[in-house]
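Shown next: entry-v4.cif, given as mmCIF, C-alpha atoms, pLDDT in the B column; chains and numbers go by the auth columns.
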data_upload
loop_
_atom_site.group_PDB
_atom_site.id
_atom_site.type_symbol
_atom_site.label_atom_id
_atom_site.label_comp_id
_atom_site.label_asym_id
_atom_site.label_seq_id
_atom_site.Cartn_x
_atom_site.Cartn_y
_atom_site.Cartn_z
_atom_site.B_iso_or_equiv
_atom_site.auth_seq_id
_atom_site.auth_asym_id
ATOM 1 C CA MET A 1 4.253 12.707 -9.405 57.00 1443 A
ATOM 2 C CA ILE A 2 3.451 12.647 -13.112 67.00 1444 A
ATOM 3 C CA GLY A 3 5.305 10.495 -15.589 80.00 1445 A
ATOM 4 C CA GLU A 4 6.274 6.935 -16.249 87.00 1446 A
ATOM 5 C CA ALA A 5 8.775 4.410 -15.038 86.00 1447 A
ATOM 6 C CA SER A 6 10.520 2.286 -17.646 87.00 1448 A
ATOM 7 C CA PHE A 7 11.124 -1.367 -16.831 86.00 1449 A
ATOM 8 C CA TYR A 8 12.988 -2.987 -19.718 91.00 1450 A
ATOM 9 C CA GLY A 9 11.047 -0.968 -22.281 90.00 1451 A
ATOM 10 C CA LEU A 10 7.672 -1.329 -20.579 93.00 1452 A
ATOM 11 C CA TYR A 11 6.355 2.056 -19.477 93.00 1453 A
ATOM 12 C CA LEU A 12 4.263 2.004 -16.319 92.00 1454 A
ATOM 13 C CA PRO A 13 2.596 4.968 -14.620 93.00 1455 A
ATOM 14 C CA TRP A 14 4.153 5.919 -11.298 91.00 1456 A
ATOM 15 C CA LEU A 15 0.898 5.330 -9.467 92.00 1457 A
ATOM 16 C CA LEU A 16 0.942 1.675 -10.553 94.00 1458 A
ATOM 17 C CA VAL A 17 4.493 1.276 -9.245 94.00 1459 A
ATOM 18 C CA LEU A 18 3.565 2.918 -5.940 95.00 1460 A
ATOM 19 C CA ALA A 19 0.421 0.767 -5.703 97.00 1461 A
ATOM 20 C CA GLY A 20 2.575 -2.353 -6.016 97.00 1462 A
ATOM 21 C CA VAL A 21 4.881 -1.130 -3.263 97.00 1463 A
ATOM 22 C CA ALA A 22 1.868 -0.355 -1.062 98.00 1464 A
ATOM 23 C CA LEU A 23 0.466 -3.834 -1.722 98.00 1465 A
ATOM 24 C CA ALA A 24 3.730 -5.448 -0.639 98.00 1466 A
ATOM 25 C CA ALA A 25 3.762 -3.281 2.490 98.00 1467 A
ATOM 26 C CA LEU A 26 0.138 -4.235 3.189 98.00 1468 A
ATOM 27 C CA TRP A 27 0.988 -7.938 3.119 98.00 1469 A
ATOM 28 C CA GLY A 28 3.709 -7.372 5.686 98.00 1470 A
ATOM 29 C CA VAL A 29 1.556 -5.194 7.950 98.00 1471 A
ATOM 30 C CA ARG A 30 -1.365 -7.656 7.754 97.00 1472 A
ATOM 31 C CA HIS A 31 0.944 -10.487 8.740 98.00 1473 A
ATOM 32 C CA LEU A 32 2.244 -8.539 11.738 97.00 1474 A
ATOM 33 C CA LEU A 33 -1.272 -7.575 12.818 97.00 1475 A
ATOM 34 C CA ALA A 34 -2.440 -11.180 12.536 96.00 1476 A
ATOM 35 C CA LEU A 35 0.514 -12.403 14.596 97.00 1477 A
ATOM 36 C CA ALA A 36 -0.252 -9.824 17.272 97.00 1478 A
ATOM 37 C CA GLY A 37 -3.899 -10.915 17.336 95.00 1479 A
ATOM 38 C CA LEU A 38 -5.267 -7.464 16.557 95.00 1480 A
ATOM 39 C CA TYR A 39 -7.694 -8.744 13.932 94.00 1481 A
ATOM 40 C CA ARG A 40 -9.907 -10.022 16.776 95.00 1482 A
ATOM 41 C CA TRP A 41 -10.831 -6.417 17.523 95.00 1483 A
ATOM 42 C CA VAL A 42 -11.590 -5.452 13.905 95.00 1484 A
ATOM 43 C CA TRP A 43 -15.281 -5.347 13.052 94.00 1485 A
ATOM 44 C CA HIS A 44 -14.953 -5.753 9.265 96.00 1486 A
ATOM 45 C CA PRO A 45 -11.521 -7.103 8.218 96.00 1487 A
ATOM 46 C CA ALA A 46 -11.976 -6.439 4.483 96.00 1488 A
ATOM 47 C CA LEU A 47 -12.952 -2.821 5.087 97.00 1489 A
ATOM 48 C CA PHE A 48 -10.071 -2.423 7.534 97.00 1490 A
ATOM 49 C CA ASP A 49 -7.620 -3.862 4.993 98.00 1491 A
ATOM 50 C CA MET A 50 -8.873 -1.494 2.285 98.00 1492 A
ATOM 51 C CA ALA A 51 -8.506 1.525 4.569 98.00 1493 A
ATOM 52 C CA LEU A 52 -5.043 0.358 5.637 98.00 1494 A
ATOM 53 C CA TYR A 53 -4.030 -0.064 1.975 98.00 1495 A
ATOM 54 C CA LEU A 54 -5.196 3.454 1.116 98.00 1496 A
ATOM 55 C CA LEU A 55 -3.309 4.897 4.082 98.00 1497 A
ATOM 56 C CA LEU A 56 -0.156 3.051 3.052 98.00 1498 A
ATOM 57 C CA LEU A 57 -0.535 4.185 -0.566 98.00 1499 A
ATOM 58 C CA TYR A 58 -0.981 7.785 0.572 98.00 1500 A
ATOM 59 C CA GLY A 59 2.051 7.611 2.855 97.00 1501 A
ATOM 60 C CA ILE A 60 4.262 6.006 0.222 97.00 1502 A
ATOM 61 C CA SER A 61 3.192 8.512 -2.435 94.00 1503 A
ATOM 62 C CA ARG A 62 3.901 11.404 -0.073 95.00 1504 A
ATOM 63 C CA ALA A 63 7.307 9.947 0.773 95.00 1505 A
ATOM 64 C CA ALA A 64 8.072 9.462 -2.934 92.00 1506 A
ATOM 65 C CA SER A 65 7.130 13.075 -3.699 89.00 1507 A
ATOM 66 C CA PHE A 66 9.717 14.272 -1.169 90.00 1508 A
ATOM 67 C CA LEU A 67 12.412 12.256 -2.937 83.00 1509 A
ATOM 68 C CA GLN A 68 11.979 14.159 -6.196 73.00 1510 A
#

Re-express the file's structure as structure tokens.
Amino acid sequence: MIGEASFYGLYLPWLLVLAGVALAALWGVRHLLALAGLYRWVWHPALFDMALYLLLLYGISRAASFLQ
């Protein structure tokens, strides 16, 4: 997905928009995982969060490419 998104005259690359959506999704998923107590089983939470963010960003970008 190449191009820009215009928000009130401010042009942002699509990857930045998708990264923001993935960050919001990560906050929700982290909250659900913490409530379920699954972070007890994670060896390195920061590394796990980074991998989860990249997976969410990939999934959201793939979903956005199908909407074109």

Using all atoms listed in the file, which protein or nucleic acid residues come within 9 Å of region 1487-1496 of chain A? Drop anything in the same chain fewer than 5 positions from it, and give the result as a PyMOL selection string.
chain A and resi 1461+1464-1465+1467-1468+1471-1472+1481+1501

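Between Ala1506 (chain A) and the candidates A:Leu1460, A:Ala1447, A:Leu1474, A:Ala1466, the tightest atom-to-atom separation, counting all atoms listed in the file, involves A:Leu1460.
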
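Put simply, CA of His1473 (chain A) is 16.6 Å away from CA of His1486 (chain A).
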
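Using all atoms listed in the file, the nearest neighbour of Leu1499 (chain A) within the list A:Gly1462, A:Gly1445, A:Gly1479, A:Gly1451 is A:Gly1462.
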
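Atom pair CA of Ser1503 (chain A) / CA of Trp1483 (chain A): separated by 28.6 Å.
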
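As for CA of Leu1480 (chain A) and CA of Tyr1500 (chain A), they are spaced 22.5 Å apart.
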
Taking every listed atom of region 1469-1485 of chain A and adding 8 Å to each side, what centre and edge lengths in Å (one decimal) does the axis-aligned box have, as JSON?
{"center_x": -5.8, "center_y": -8.8, "center_z": 10.3, "size_x": 35.0, "size_y": 23.2, "size_z": 30.4}
